[in-house]
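**Student:** Data: run-v1.txt, compact mmCIF, C-alpha atoms.
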```
# COMPACT_ATOMS: atom_id res chain seq x y z
CA MET A 297 263.51 34.68 -215.90
CA LYS A 298 262.60 37.42 -218.34
CA SER A 299 258.90 37.60 -217.82
CA GLY A 300 256.56 36.59 -215.03
CA SER A 301 253.92 35.43 -217.47
CA LEU A 302 255.05 31.80 -217.41
CA ILE A 303 254.58 31.76 -213.66
CA ASN A 304 251.54 33.97 -213.55
CA ALA A 305 249.49 32.09 -216.13
CA PRO A 306 249.30 28.82 -214.18
CA LEU A 307 248.85 30.78 -210.97
CA ALA A 308 245.95 32.71 -212.45
CA GLU A 309 244.46 29.48 -213.75
CA HIS A 310 244.86 27.87 -210.33
CA ARG A 311 243.19 30.86 -208.66
CA ALA A 312 240.31 30.82 -211.12
CA ARG A 313 239.87 27.07 -210.62
CA THR A 314 239.91 27.54 -206.83
CA ALA A 315 237.41 30.40 -207.08
CA ARG A 316 235.12 28.27 -209.26
CA SER A 317 235.36 25.32 -206.92
CA MET A 318 234.78 27.54 -203.87
CA ARG A 319 231.40 28.46 -205.27
CA SER A 320 230.42 24.91 -204.45
CA PRO A 321 229.11 24.74 -200.88
CA LEU A 322 230.72 21.34 -200.35
CA ALA A 323 234.12 22.59 -201.50
CA ARG A 324 233.83 25.50 -199.09
CA LEU A 325 232.95 23.23 -196.19
CA GLU A 326 235.75 20.79 -197.02
CA ARG A 327 238.23 23.63 -197.17
CA ALA A 328 237.04 24.95 -193.79
CA TYR A 329 237.51 21.51 -192.28
CA ARG A 330 240.98 21.12 -193.83
CA LEU A 331 242.00 24.47 -192.33
CA TYR A 332 240.64 23.41 -188.95
CA HIS A 333 242.50 20.11 -189.10
CA LYS A 334 245.72 21.84 -190.08
CA ARG A 335 245.31 24.38 -187.26
CA ILE A 336 244.64 21.89 -184.47
CA ALA A 337 247.56 19.76 -185.61
CA ARG A 338 249.75 22.61 -184.38
CA CYS A 339 248.14 22.70 -180.93
CA ARG A 340 250.46 21.41 -178.23
CA THR A 341 248.30 21.95 -175.15
CA VAL A 342 244.66 21.60 -174.14
CA ASN A 343 244.50 25.39 -173.76
CA GLN A 344 245.69 25.95 -177.32
CA LEU A 345 243.01 23.56 -178.55
CA ASN A 346 240.36 25.25 -176.41
CA GLN A 347 241.43 28.60 -177.82
CA VAL A 348 240.83 27.39 -181.38
CA HIS A 349 237.48 25.86 -180.47
CA ILE A 350 236.27 28.98 -178.63
CA ALA A 351 237.23 31.20 -181.55
CA LEU A 352 235.56 28.92 -184.09
CA ALA A 353 232.35 28.79 -182.07
CA ASN A 354 232.23 32.58 -182.41
CA TYR A 355 232.30 32.47 -186.20
CA MET A 356 230.93 29.18 -187.52
CA THR A 357 227.59 28.70 -189.22
CA PRO A 358 225.13 25.89 -188.44
CA GLU A 359 225.96 24.33 -191.81
CA GLU A 360 229.65 24.19 -190.90
CA VAL A 361 228.89 22.65 -187.50
CA ARG A 362 226.80 19.92 -189.14
CA PHE A 363 229.55 19.25 -191.67
CA PHE A 364 232.32 19.14 -189.04
CA GLY A 365 230.09 16.88 -186.94
CA ALA A 366 229.66 14.44 -189.81
CA VAL A 367 233.41 14.31 -190.51
CA LEU A 368 234.45 14.13 -186.86
CA ALA A 369 231.96 11.31 -186.22
CA GLN A 370 234.77 9.06 -187.49
CA ASP A 371 237.02 10.17 -184.62
CA PRO A 372 237.08 8.26 -181.32
CA VAL A 373 234.24 9.24 -179.01
CA ASP A 374 236.68 10.74 -176.50
CA SER A 375 238.56 12.87 -179.02
CA PRO A 376 238.49 16.53 -177.93
CA SER A 377 237.46 17.64 -181.43
CA ARG A 378 234.52 15.25 -181.51
CA GLN A 379 233.43 16.15 -178.00
CA TRP A 380 233.56 19.84 -178.88
CA ILE A 381 231.54 19.54 -182.07
CA ASP A 382 229.05 17.03 -180.63
CA LYS A 383 228.31 19.39 -177.74
CA MET A 384 227.50 22.19 -180.16
CA ASN A 385 225.74 19.95 -182.67
CA GLN A 386 223.16 18.79 -180.14
CA PHE A 387 221.67 22.28 -180.23
CA ILE A 388 221.75 22.72 -184.02
CA PRO A 389 218.70 21.63 -186.04
CA ARG A 390 219.58 18.33 -187.76
CA GLU A 391 217.88 19.15 -191.02
CA SER A 392 219.57 21.62 -193.32
CA ARG A 393 217.47 24.48 -194.67
CA PRO A 394 216.80 25.30 -198.32
CA ALA A 395 219.21 28.20 -197.87
CA GLU A 396 221.84 28.35 -195.15
CA PHE A 397 223.58 31.22 -193.43
CA ARG A 398 226.93 32.05 -195.02
CA ARG A 399 229.60 34.13 -193.39
CA THR A 400 230.76 37.32 -195.04
CA GLY A 401 233.88 38.40 -193.21
CA ILE A 402 233.70 42.07 -193.90
CA LEU A 403 235.93 43.42 -191.15
CA LYS A 404 237.78 42.10 -188.12
CA GLY A 405 235.13 43.31 -185.72
CA MET A 406 232.11 42.80 -187.94
CA THR A 407 230.78 39.69 -189.66
CA LEU A 408 227.61 39.47 -191.72
CA TYR A 409 225.67 36.21 -191.87
CA THR A 410 223.23 36.01 -194.72
CA GLY A 411 221.47 33.31 -196.68
CA ASP A 412 221.57 33.33 -200.45
CA ILE A 413 217.81 33.69 -200.62
CA GLY A 414 215.24 36.48 -200.54
CA SER A 415 215.81 40.20 -200.60
CA SER A 416 216.73 42.54 -197.75
CA ALA A 417 213.30 44.14 -198.04
CA GLU A 418 211.77 40.84 -196.91
CA LYS A 419 214.22 40.29 -194.10
CA THR A 420 214.90 41.60 -190.62
CA LEU A 421 218.46 42.54 -189.75
CA ILE A 422 219.67 41.55 -186.30
CA MET A 423 222.58 43.68 -185.17
CA GLY A 424 224.37 41.70 -182.48
CA PHE A 425 226.46 43.58 -179.91
CA THR A 426 228.55 40.86 -178.33
CA GLY A 427 229.56 40.75 -174.71
CA ASN A 428 232.26 38.72 -172.99
CA PHE A 429 234.37 36.52 -175.23
CA HIS A 430 232.77 38.10 -178.33
CA ARG A 431 229.60 36.10 -177.77
CA LEU A 432 225.90 36.74 -177.63
CA MET A 433 225.93 34.46 -174.57
CA LEU A 434 225.97 31.40 -176.86
CA PRO A 435 228.10 29.82 -179.54
CA LEU A 436 227.04 31.70 -182.64
CA PRO A 437 225.89 28.65 -184.66
CA VAL A 438 223.40 27.81 -181.89
CA LEU A 439 221.85 31.26 -182.19
CA LEU A 440 221.88 31.22 -185.99
CA GLY A 441 220.35 27.73 -185.93
CA CYS A 442 217.20 29.23 -184.40
CA LEU A 443 216.74 31.74 -187.21
CA ASN A 444 215.22 31.23 -190.64
CA PRO A 445 217.76 32.63 -193.17
CA THR A 446 214.89 33.45 -195.51
CA LEU A 447 213.71 36.05 -193.03
CA TYR A 448 216.80 37.16 -191.12
CA ASP A 449 220.32 38.47 -191.68
CA VAL A 450 222.65 38.81 -188.72
CA VAL A 451 225.55 41.21 -188.37
CA VAL A 452 227.80 40.43 -185.41
CA LEU A 453 229.78 43.30 -183.92
CA ARG A 454 232.77 42.42 -181.79
CA ASP A 455 234.29 44.63 -179.11
CA PHE A 456 237.94 43.65 -179.42
CA SER A 457 239.15 46.47 -177.16
CA ARG A 458 236.74 45.25 -174.43
CA ARG A 459 235.73 48.86 -173.79
CA PHE A 460 231.96 48.61 -174.37
CA PHE A 461 232.54 49.51 -178.03
CA SER A 462 233.70 52.98 -176.91
CA LYS A 463 236.94 52.47 -178.85
CA GLY A 464 234.92 51.69 -181.94
CA ILE A 465 235.22 48.75 -184.30
CA PRO A 466 238.42 48.30 -186.33
CA GLY A 467 237.78 49.39 -189.90
CA LEU A 468 234.49 51.10 -189.06
CA GLY A 469 235.54 53.89 -186.77
CA ALA A 470 237.58 54.75 -183.71
CA ASP A 471 234.62 55.36 -181.41
CA PHE A 472 231.12 54.04 -180.89
CA PHE A 473 229.34 56.81 -182.76
CA GLN A 474 231.64 56.85 -185.78
CA ALA A 475 231.63 53.05 -186.05
CA LEU A 476 227.84 52.81 -186.04
CA ARG A 477 227.40 55.64 -188.52
CA ASN A 478 229.88 53.96 -190.88
CA LEU A 479 228.21 50.60 -190.45
CA ARG A 480 225.58 51.54 -193.01
CA ASN A 481 228.32 51.68 -195.66
CA HIS A 482 228.56 47.91 -195.26
CA VAL A 483 225.09 46.89 -194.09
CA ASP A 484 222.28 49.39 -194.48
CA PRO A 485 219.58 48.84 -191.84
CA THR A 486 217.15 50.99 -193.83
CA ALA A 487 217.25 48.48 -196.70
CA TYR A 488 215.63 45.89 -194.46
CA ARG A 489 212.04 45.25 -193.50
CA GLY A 490 213.16 45.92 -189.95
CA CYS A 491 216.24 46.05 -187.78
CA VAL A 492 216.76 44.95 -184.17
CA ALA A 493 219.87 45.67 -182.10
CA LEU A 494 220.44 42.84 -179.65
CA GLY A 495 223.22 43.00 -177.09
CA THR A 496 224.27 40.78 -174.23
CA SER A 497 226.11 41.61 -171.00
CA SER A 498 228.60 44.39 -171.78
CA GLY A 499 227.02 44.65 -175.23
CA GLY A 500 223.54 45.20 -173.77
CA LEU A 501 223.62 48.94 -173.20
CA PRO A 502 225.55 49.58 -176.46
CA ALA A 503 222.69 47.77 -178.25
CA VAL A 504 220.15 50.07 -176.61
CA LEU A 505 222.23 53.13 -177.50
CA GLY A 506 222.82 51.84 -181.03
CA ALA A 507 219.10 51.33 -181.55
CA ILE A 508 218.43 54.93 -180.50
CA LEU A 509 221.30 56.35 -182.55
CA LEU A 510 220.37 54.51 -185.74
CA GLN A 511 216.64 54.80 -185.08
CA LEU A 512 216.12 51.07 -185.42
CA ASN A 513 212.85 49.31 -184.75
CA ARG A 514 213.94 47.70 -181.53
CA GLY A 515 216.81 47.49 -179.07
CA VAL A 516 217.23 44.55 -176.72
CA SER A 517 219.61 44.41 -173.78
CA ILE A 518 220.06 41.04 -172.10
CA GLY A 519 221.81 41.15 -168.75
CA GLY A 520 223.16 44.60 -169.60
CA LEU A 521 224.48 47.33 -167.33
CA ASP A 522 222.65 50.36 -166.03
CA PHE A 523 223.97 53.69 -167.25
CA PRO A 524 225.88 54.87 -164.10
CA GLN A 525 228.02 51.70 -164.07
CA PHE A 526 228.56 52.00 -167.82
CA ALA A 527 229.51 55.69 -167.50
CA ALA A 528 231.94 54.97 -164.65
CA LYS A 529 233.65 52.31 -166.74
CA LEU A 530 233.91 54.68 -169.69
CA ARG A 531 235.56 57.27 -167.47
CA ASP A 532 238.00 54.60 -166.25
CA PHE A 533 238.87 54.01 -169.91
CA GLY A 534 239.44 57.75 -170.40
CA VAL A 535 236.28 58.16 -172.47
CA SER A 536 233.74 60.91 -171.82
CA ASP A 537 230.31 59.55 -170.98
CA GLU A 538 228.58 62.81 -171.91
CA PRO A 539 227.66 62.00 -175.53
CA TYR A 540 226.30 58.64 -174.36
CA ALA A 541 224.22 60.32 -171.65
CA ALA A 542 222.90 62.81 -174.21
CA LEU A 543 222.00 60.01 -176.61
CA LEU A 544 220.19 58.06 -173.89
CA ALA A 545 218.22 61.16 -172.93
CA SER A 546 217.37 62.03 -176.51
CA GLN A 547 213.89 61.43 -177.85
CA PRO A 548 214.25 61.19 -181.62
CA GLU A 549 211.05 61.11 -183.61
CA SER A 550 211.53 57.49 -184.48
CA PHE A 551 212.28 56.02 -181.08
CA PRO A 552 212.90 52.27 -180.91
CA GLU A 553 211.02 49.82 -178.74
CA LEU A 554 213.47 49.02 -175.98
CA LEU A 555 213.41 45.74 -174.12
CA LEU A 556 215.49 45.12 -171.00
CA VAL A 557 215.82 41.42 -170.25
CA PHE A 558 217.06 39.81 -167.05
CA GLY A 559 216.83 36.69 -164.94
CA ALA A 560 214.38 37.35 -162.11
CA ASP A 561 216.68 35.70 -159.55
CA CYS A 562 219.92 37.24 -160.82
CA ALA A 563 220.18 40.14 -158.35
CA THR A 564 222.79 42.24 -160.14
CA ASP A 565 220.93 42.10 -163.45
CA VAL A 566 217.58 42.87 -161.80
CA VAL A 567 219.00 46.06 -160.27
CA ALA A 568 220.69 47.10 -163.53
CA ALA A 569 217.60 46.53 -165.72
CA ARG A 570 215.27 48.30 -163.29
CA GLY A 571 217.70 51.19 -163.01
CA LEU A 572 217.94 51.64 -166.77
CA HIS A 573 214.18 51.22 -167.10
CA GLY A 574 213.80 54.34 -164.95
CA ARG A 575 216.02 56.34 -167.28
CA VAL A 576 214.73 55.45 -170.71
CA PRO A 577 211.32 54.57 -172.23
CA SER A 578 211.49 50.79 -172.19
CA ARG A 579 209.87 47.54 -171.23
CA LEU A 580 211.21 45.06 -168.72
CA LEU A 581 211.21 41.38 -169.53
CA GLU A 582 211.78 39.30 -166.45
CA VAL A 583 212.64 35.64 -166.94
CA LYS A 584 210.97 33.95 -163.99
CA THR A 585 212.98 31.54 -161.82
CA CYS A 586 216.12 32.27 -163.84
CA ASP A 587 219.08 32.85 -161.53
CA ASP A 588 221.63 32.88 -164.34
CA HIS A 589 223.17 35.94 -165.95
CA LEU A 590 223.36 33.87 -169.14
CA VAL A 591 219.64 34.05 -169.84
CA LEU A 592 219.96 32.71 -173.39
CA VAL A 593 221.88 29.64 -172.19
CA TRP A 594 219.26 29.12 -169.48
CA LYS A 595 216.54 29.14 -172.15
CA LEU A 596 218.58 26.92 -174.48
CA VAL A 597 219.04 24.07 -172.02
CA ARG A 598 215.30 24.14 -171.33
CA GLY A 599 214.50 23.84 -175.03
CA ARG A 600 212.83 27.25 -175.11
CA LEU A 601 215.37 29.36 -176.98
CA PRO A 602 213.57 29.77 -180.35
CA ALA A 603 210.31 30.83 -178.68
CA PHE A 604 212.20 33.20 -176.38
CA LEU A 605 214.10 34.77 -179.28
CA SER A 606 210.77 35.29 -181.06
CA THR A 607 209.56 37.19 -178.00
CA LEU A 608 212.71 39.31 -177.94
CA LEU A 609 212.47 40.12 -181.63
CA GLY A 610 208.72 40.68 -181.53
CA GLN A 611 208.30 38.28 -184.43
CA SER A 612 208.62 34.57 -185.03
CA VAL A 613 212.14 33.35 -185.75
CA GLU A 614 210.66 30.86 -188.19
CA THR A 615 207.79 32.63 -189.94
CA GLY A 616 208.37 36.31 -189.17
CA GLU A 617 204.80 36.66 -187.88
CA ARG A 618 204.32 39.23 -185.16
CA VAL A 619 204.59 37.95 -181.60
CA ALA A 620 202.68 39.67 -178.83
CA PRO A 621 204.92 41.55 -176.40
CA SER A 622 205.58 39.94 -173.08
CA HIS A 623 206.56 42.28 -170.31
CA THR A 624 206.26 42.95 -166.65
CA SER A 625 206.40 46.68 -166.73
CA ALA A 626 206.20 49.40 -169.32
CA ASN A 627 207.67 52.86 -169.26
CA ASP A 628 206.43 54.32 -172.51
CA PRO A 629 207.38 57.76 -173.80
CA ALA A 630 203.89 58.99 -172.90
CA ASP A 631 204.30 57.99 -169.23
CA MET B 5 264.86 36.33 -162.26
CA THR B 6 264.53 37.26 -158.60
CA GLN B 7 261.95 35.70 -156.31
CA GLU B 8 260.25 39.09 -155.90
CA MET B 9 259.93 39.54 -159.67
CA LYS B 10 258.48 36.04 -160.05
CA VAL B 11 255.85 36.72 -157.39
CA SER B 12 254.93 39.97 -159.03
CA ARG B 13 254.74 38.44 -162.48
CA SER B 14 252.59 35.53 -161.37
CA ARG B 15 250.16 37.75 -159.45
CA GLN B 16 249.96 40.13 -162.39
CA ALA B 17 249.29 37.16 -164.70
CA VAL B 18 246.45 35.94 -162.48
CA PHE B 19 245.03 39.47 -162.32
CA GLU B 20 245.13 39.93 -166.11
CA ALA B 21 243.60 36.49 -166.65
CA LEU B 22 240.77 37.29 -164.25
CA LYS B 23 240.10 40.56 -166.03
CA ILE B 24 239.54 38.53 -169.20
CA ALA B 25 237.62 35.66 -167.64
CA ALA B 26 235.51 37.70 -165.22
CA PRO B 27 235.56 41.28 -166.51
CA GLY B 28 233.23 42.75 -163.90
CA THR B 29 235.23 41.48 -160.94
CA PHE B 30 237.61 44.30 -160.20
CA ASP B 31 236.69 47.79 -159.13
CA ALA B 32 239.50 50.12 -158.09
CA ALA B 33 239.42 49.05 -154.43
CA LEU B 34 239.44 45.32 -155.16
CA GLN B 35 242.20 45.78 -157.72
CA ARG B 36 244.32 47.51 -155.07
CA SER B 37 243.60 44.82 -152.50
CA PHE B 38 244.44 42.08 -154.97
CA LEU B 39 247.62 43.53 -156.42
CA ALA B 40 249.07 45.43 -153.49
CA GLU B 41 247.70 43.67 -150.42
CA GLY B 42 247.70 40.07 -151.63
CA LEU B 43 243.96 39.44 -151.34
CA ASP B 44 243.15 35.79 -152.05
CA LEU B 45 240.01 35.26 -154.17
CA LYS B 46 238.11 31.98 -154.05
CA PHE B 47 237.00 30.65 -157.42
CA ALA B 48 233.71 29.59 -155.88
CA ASP B 49 232.98 33.28 -155.25
CA LEU B 50 233.92 34.34 -158.77
CA ASN B 51 231.18 32.27 -160.45
CA LEU B 52 233.27 31.39 -163.49
CA ASP B 53 231.36 29.27 -166.00
CA SER B 54 233.16 26.63 -168.07
CA LEU B 55 233.95 29.08 -170.87
CA ALA B 56 235.37 31.61 -168.41
CA GLU B 57 237.51 28.88 -166.82
CA MET B 58 238.90 28.00 -170.23
CA GLU B 59 239.61 31.65 -170.99
CA PHE B 60 241.33 32.03 -167.61
CA CYS B 61 243.64 29.08 -168.28
CA ILE B 62 244.34 30.25 -171.84
CA ALA B 63 245.30 33.71 -170.57
CA ILE B 64 247.61 32.23 -167.91
CA GLU B 65 249.31 30.04 -170.50
CA LEU B 66 249.72 32.89 -172.98
CA SER B 67 251.27 35.24 -170.43
CA THR B 68 253.43 32.81 -168.45
CA GLY B 69 253.84 29.71 -170.60
CA VAL B 70 252.50 27.62 -167.71
CA THR B 71 249.81 25.16 -168.72
CA LEU B 72 247.00 25.07 -166.22
CA LEU B 73 243.93 22.98 -167.07
CA PRO B 74 240.37 24.11 -166.41
CA SER B 75 239.83 20.83 -164.58
CA GLU B 76 242.57 21.81 -162.11
CA LEU B 77 240.83 24.98 -160.97
CA ALA B 78 238.38 23.21 -158.68
CA GLU B 79 241.27 21.59 -156.85
CA LEU B 80 243.32 24.78 -156.69
CA SER B 81 240.23 26.64 -155.46
CA SER B 82 241.75 30.14 -155.11
CA THR B 83 243.94 32.71 -156.81
CA ASP B 84 246.76 32.25 -154.28
CA ALA B 85 246.90 28.55 -155.13
CA VAL B 86 247.07 29.34 -158.85
CA GLU B 87 249.80 31.86 -158.22
CA LEU B 88 251.79 29.30 -156.23
CA ARG B 89 251.32 26.78 -159.03
CA ILE B 90 252.69 29.29 -161.57
CA ARG B 91 255.66 30.15 -159.36
CA GLN B 92 256.50 26.47 -158.90
CA ALA B 93 256.23 25.83 -162.63
CA LEU B 94 258.48 28.76 -163.42
CA GLY B 95 261.04 27.34 -161.00
```
Write out the structure in this file as structure tokens.
**Tutor:**
Amino acid sequence: MKSGSLINAPLAEHRARTARSMRSPLARLERAYRLYHKRIARCRTVNQLNQVHIALANYMTPEEVRFFGAVLAQDPVDSPSRQWIDKMNQFIPRESRPAEFRRTGILKGMTLYTGDIGSSAEKTLIMGFTGNFHRLMLPLPVLLGCLNPTLYDVVVLRDFSRRFFSKGIPGLGADFFQALRNLRNHVDPTAYRGCVALGTSSGGLPAVLGAILLQLNRGVSIGGLDFPQFAAKLRDFGVSDEPYAALLASQPESFPELLLVFGADCATDVVAARGLHGRVPSRLLEVKTCDDHLVLVWKLVRGRLPAFLSTLLGQSVETGERVAPSHTSANDPAD
Amino acid sequence: MTQEMKVSRSRQAVFEALKIAAPGTFDAALQRSFLAEGLDLKFADLNLDSLAEMEFCIAIELSTGVTLLPSELAELSSTDAVELRIRQALG
């Protein structure tokens, strides 16, 4: 064929039509479901299916979970897909919001969730430093379901190298410091009303360090490590802990409020939080009678997750109004 | 494949799977005991939640091709039993 134009014209038209149709929320949801269906059709074992479900639960939005739930309601009750989505759906608010979180897949290790409503100046940015299995202790839609998209954006950072973010984030930088400094090229915390770094488990201490480095409003570590354990792990990975120690010891003018959260009956986490509390100006938040490392799950099953998140953020997840701090012990810079 | 290589591969697979499912488990001493001295770890002591159990089984399947279900772990109860199960499946 002499020219590609005969092929390219219909292709371009098809792409434009697809792009137009993808602007429709329903078309986007239907496409997501079709992709899911196609993907699980290739699964030959329970483990392959679980792998797909685990990965999806790390990326989906509440809107997608509701949509999948509605479609999969036609499946038999014992179908693995229906059981998976029903389990997640029970923790997602039933009513959709005027604006929903949409996923912006910027980079492999970084996803921004934002609602098509309001301006950054009216919103708080939550910077999530994930722990094991790229999670903030919970399936992401459950966490997003607690937040009002009018008032919050969420950027999820994933530690694919499983090295406490010391090997950076693909596309952002090859180490922790470079990755966080380059983050503002994609999401600028200073454009927001406020910014909170929130990390769980192995992401806990990186969240604290990130909050100090970027001079955010607040850093929250849930079930995170104390610095000596963190430093030892870094050395095992062949990474110097010195710049991290220097950052932790630094007292920049705009120092974040730091909150160290742990289950009161989870011995390892108690020791770690108290240890870190002695090293950095921070507040301890002890969750009474909680013997679970997965504090957020513990709160979720008791129906107290939204209120607890409001406490962690220092402002209501629904209205953005300030919430009084709750703490057992303070170690303020003036101490 | 020799019997010795199979044993080594299955133990290594269990070790790598545990590093994914329970990342804080192994310090240098425990790693040595597990890999070189054949230490048997009980799942009850590892405190794997349901997600970690799934990740463990996924990792075993990806590295060995042996399908092990999360529901089987309670019955198998320890790493030695899982290793035996892998060796038997590999033939």
**Student:** Between CA of Asp561 in chain A and CA of Thr29 in chain B, what distance in Å does the model show, to one decimal?
**Tutor:**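 One can read the CA of Asp561 in chain A to CA of Thr29 in chain B distance as 19.5 Å.
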**Student:** Can you work out which one of A:Gly469, A:Gly506, A:Pro435, A:Pro552 has the shortest atom-to-atom distance to Val593 in chain A, counting all atoms listed in the file?
**Tutor:**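 Closest to Val593 in chain A of all the choices is A:Pro435.
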**Student:** Kindly provide, as a list in words, the polymer residues lying within 6 Å of (214.5, 34.7, -163.0), counting only C-alpha atoms and using the coordinates exactly as they appear in the file.
**Tutor:**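 So the residues meeting the distance criterion are Gly559, Ala560, Asp561, Val583, Lys584, Thr585, Cys586 and Asp587 of chain A.
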**Student:** Residues as selected, C-alpha atoms, written as a PDB file, in the coordinates of the input, can you do that?
**Tutor:**
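Okay, again.pdb is ready:
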```
ATOM      1  CA  GLY A 559     216.830  36.690-164.940  1.00  0.00           C
ATOM      2  CA  ALA A 560     214.380  37.350-162.110  1.00  0.00           C
ATOM      3  CA  ASP A 561     216.680  35.700-159.550  1.00  0.00           C
ATOM      4  CA  VAL A 583     212.640  35.640-166.940  1.00  0.00           C
ATOM      5  CA  LYS A 584     210.970  33.950-163.990  1.00  0.00           C
ATOM      6  CA  THR A 585     212.980  31.540-161.820  1.00  0.00           C
ATOM      7  CA  CYS A 586     216.120  32.270-163.840  1.00  0.00           C
ATOM      8  CA  ASP A 587     219.080  32.850-161.530  1.00  0.00           C
TER       9      ASP A 587
END
```
**Student:** Find the residues around Asp49 in chain B up to 12 Å (all atoms listed in the file counted), leave out those fewer than 2 positions away in its own chain, and share them as a list of chain:residue names.
**Tutor:** B:Ala26, B:Thr29, B:Asp44, B:Leu45, B:Lys46, B:Phe47, B:Asn51, B:Leu52, B:Asp53, B:Ala78, B:Ser81, B:Ser82, B:Thr83
**Student:** Keeping C-alpha atoms, export the residues of the selection given above as a short mmCIF file (atom, residue, chain, number, x, y, z; two decimals), keeping the file's coordinate frame.
**Tutor:**
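Produced file part.cif, reproduced below:
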```cif
data_model
loop_
_atom_site.label_atom_id
_atom_site.label_comp_id
_atom_site.auth_asym_id
_atom_site.auth_seq_id
_atom_site.Cartn_x
_atom_site.Cartn_y
_atom_site.Cartn_z
CA ALA B 26 235.51 37.70 -165.22
CA THR B 29 235.23 41.48 -160.94
CA ASP B 44 243.15 35.79 -152.05
CA LEU B 45 240.01 35.26 -154.17
CA LYS B 46 238.11 31.98 -154.05
CA PHE B 47 237.00 30.65 -157.42
CA ASN B 51 231.18 32.27 -160.45
CA LEU B 52 233.27 31.39 -163.49
CA ASP B 53 231.36 29.27 -166.00
CA ALA B 78 238.38 23.21 -158.68
CA SER B 81 240.23 26.64 -155.46
CA SER B 82 241.75 30.14 -155.11
CA THR B 83 243.94 32.71 -156.81
#
```
**Student:** Could you please determine the separation between CA of Glu614 in chain A and CA of Glu326 in chain A in Å, to one decimal place?
**Tutor:**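 Going from CA of Glu614 in chain A over to CA of Glu326 in chain A covers 28.4 Å.
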**Student:** Given all atoms listed in the file, how would the per-residue table for chain B near chain A read, listing every residue at most 10 Å away with its closest atom pair and distance in Å to one decimal, sorted by chain and number, as a tab-separated table?
**Tutor:**
```
residue	atom	partner	partner_atom	distance
B:Ile24	CA	A:Phe429	CA	8.2
B:Ala25	CA	A:Asn428	CA	8.2
B:Ala26	CA	A:Asn428	CA	8.5
B:Pro27	CA	A:Asn428	CA	7.7
B:Gly28	CA	A:Ser498	CA	9.3
B:Asp31	CA	A:Lys529	CA	9.4
B:Ala32	CA	A:Asp532	CA	9.4
B:Asp53	CA	A:Leu590	CA	9.7
B:Leu55	CA	A:Ile350	CA	8.1
B:Ala56	CA	A:Phe429	CA	8.5
B:Met58	CA	A:Asn346	CA	6.9
B:Glu59	CA	A:Gln347	CA	7.7
B:Phe60	CA	A:Asn343	CA	9.6
B:Cys61	CA	A:Asn343	CA	6.7
B:Ile62	CA	A:Asn343	CA	5.2
B:Ala63	CA	A:Asn343	CA	8.9
B:Ile64	CA	A:Asn343	CA	9.5
B:Glu65	CA	A:Asn343	CA	7.4
B:Leu66	CA	A:Gln344	CA	9.1
B:Thr71	CA	A:Asn343	CA	7.3
B:Leu72	CA	A:Asn343	CA	8.0
B:Leu73	CA	A:Asn343	CA	7.1
B:Pro74	CA	A:Asn343	CA	8.5
```
**Student:** Have a look at CA of Val18 in chain B and CA of Glu57 in chain B and let me know their distance in Å, one decimal.
**Tutor:**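 Atom-to-atom, CA of Val18 in chain B and CA of Glu57 in chain B are spaced 12.2 Å apart.
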**Student:** In the coordinate frame of the file, compute which residues have an atom within 7 Å of (227.8, 43.7, -176.5) when using all atoms listed in the file, and state them as number ranges by chain.
**Tutor:** A: 425-427, 460, 495-500, 502-503
**Student:** Any idea what's packed within 9 Å of range 595-600 of chain A, counting all atoms listed in the file, ignoring anything in its chain fewer than 4 positions away? Could you give it as a list in words?
**Tutor:**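 Non-adjacent residues within range: Phe387, Leu434, Val438, Cys586, Leu590, Val591, Phe604 and Leu605 of chain A.
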**Student:** Can I get the selection written as a PDB file, in the frame of the given file, with C-alpha atoms?
**Tutor:**
```
ATOM      1  CA  PHE A 387     221.670  22.280-180.230  1.00  0.00           C
ATOM      2  CA  LEU A 434     225.970  31.400-176.860  1.00  0.00           C
ATOM      3  CA  VAL A 438     223.400  27.810-181.890  1.00  0.00           C
ATOM      4  CA  CYS A 586     216.120  32.270-163.840  1.00  0.00           C
ATOM      5  CA  LEU A 590     223.360  33.870-169.140  1.00  0.00           C
ATOM      6  CA  VAL A 591     219.640  34.050-169.840  1.00  0.00           C
ATOM      7  CA  PHE A 604     212.200  33.200-176.380  1.00  0.00           C
ATOM      8  CA  LEU A 605     214.100  34.770-179.280  1.00  0.00           C
TER       9      LEU A 605
END
```
**Student:** Centre and edge lengths of an axis-aligned box around all listed atoms of range 63-66 of chain B, with 4 Å added on each side, are to be given in Å to one decimal, as AutoDock Vina command-line options.
**Tutor:**
```
--center_x 247.5 --center_y 31.9 --center_z -170.4 --size_x 12.4 --size_y 11.7 --size_z 13.1
```
**Student:** Would you list the contacts of Leu368 in chain A as a count of residues only, taking every protein, DNA or RNA residue within 8 Å and counting only C-alpha atoms, but skipping same-chain residues closer than 6 positions in sequence?
**Tutor:** 3
**Student:** Which is closest to His573 in chain A among A:Phe461, A:Phe523, A:Tyr332, A:Phe551, if we use only C-alpha atoms?
**Tutor:**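 Under the stated criterion, the closest residue is A:Phe523.
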**Student:** Can you pull out every residue within 9 Å of Leu408 in chain A, counting all atoms listed in the file, but drop anything in the same chain fewer than 3 positions away, and send it as a CSV table (one decimal) with C-alpha atoms, keeping the file's coordinate frame?
**Tutor:**
```
chain,number,residue,atom,x,y,z
A,398,ARG,CA,226.9,32.0,-195.0
A,399,ARG,CA,229.6,34.1,-193.4
A,400,THR,CA,230.8,37.3,-195.0
A,401,GLY,CA,233.9,38.4,-193.2
A,402,ILE,CA,233.7,42.1,-193.9
A,449,ASP,CA,220.3,38.5,-191.7
A,450,VAL,CA,222.6,38.8,-188.7
A,451,VAL,CA,225.6,41.2,-188.4
A,452,VAL,CA,227.8,40.4,-185.4
A,453,LEU,CA,229.8,43.3,-183.9
A,483,VAL,CA,225.1,46.9,-194.1
```
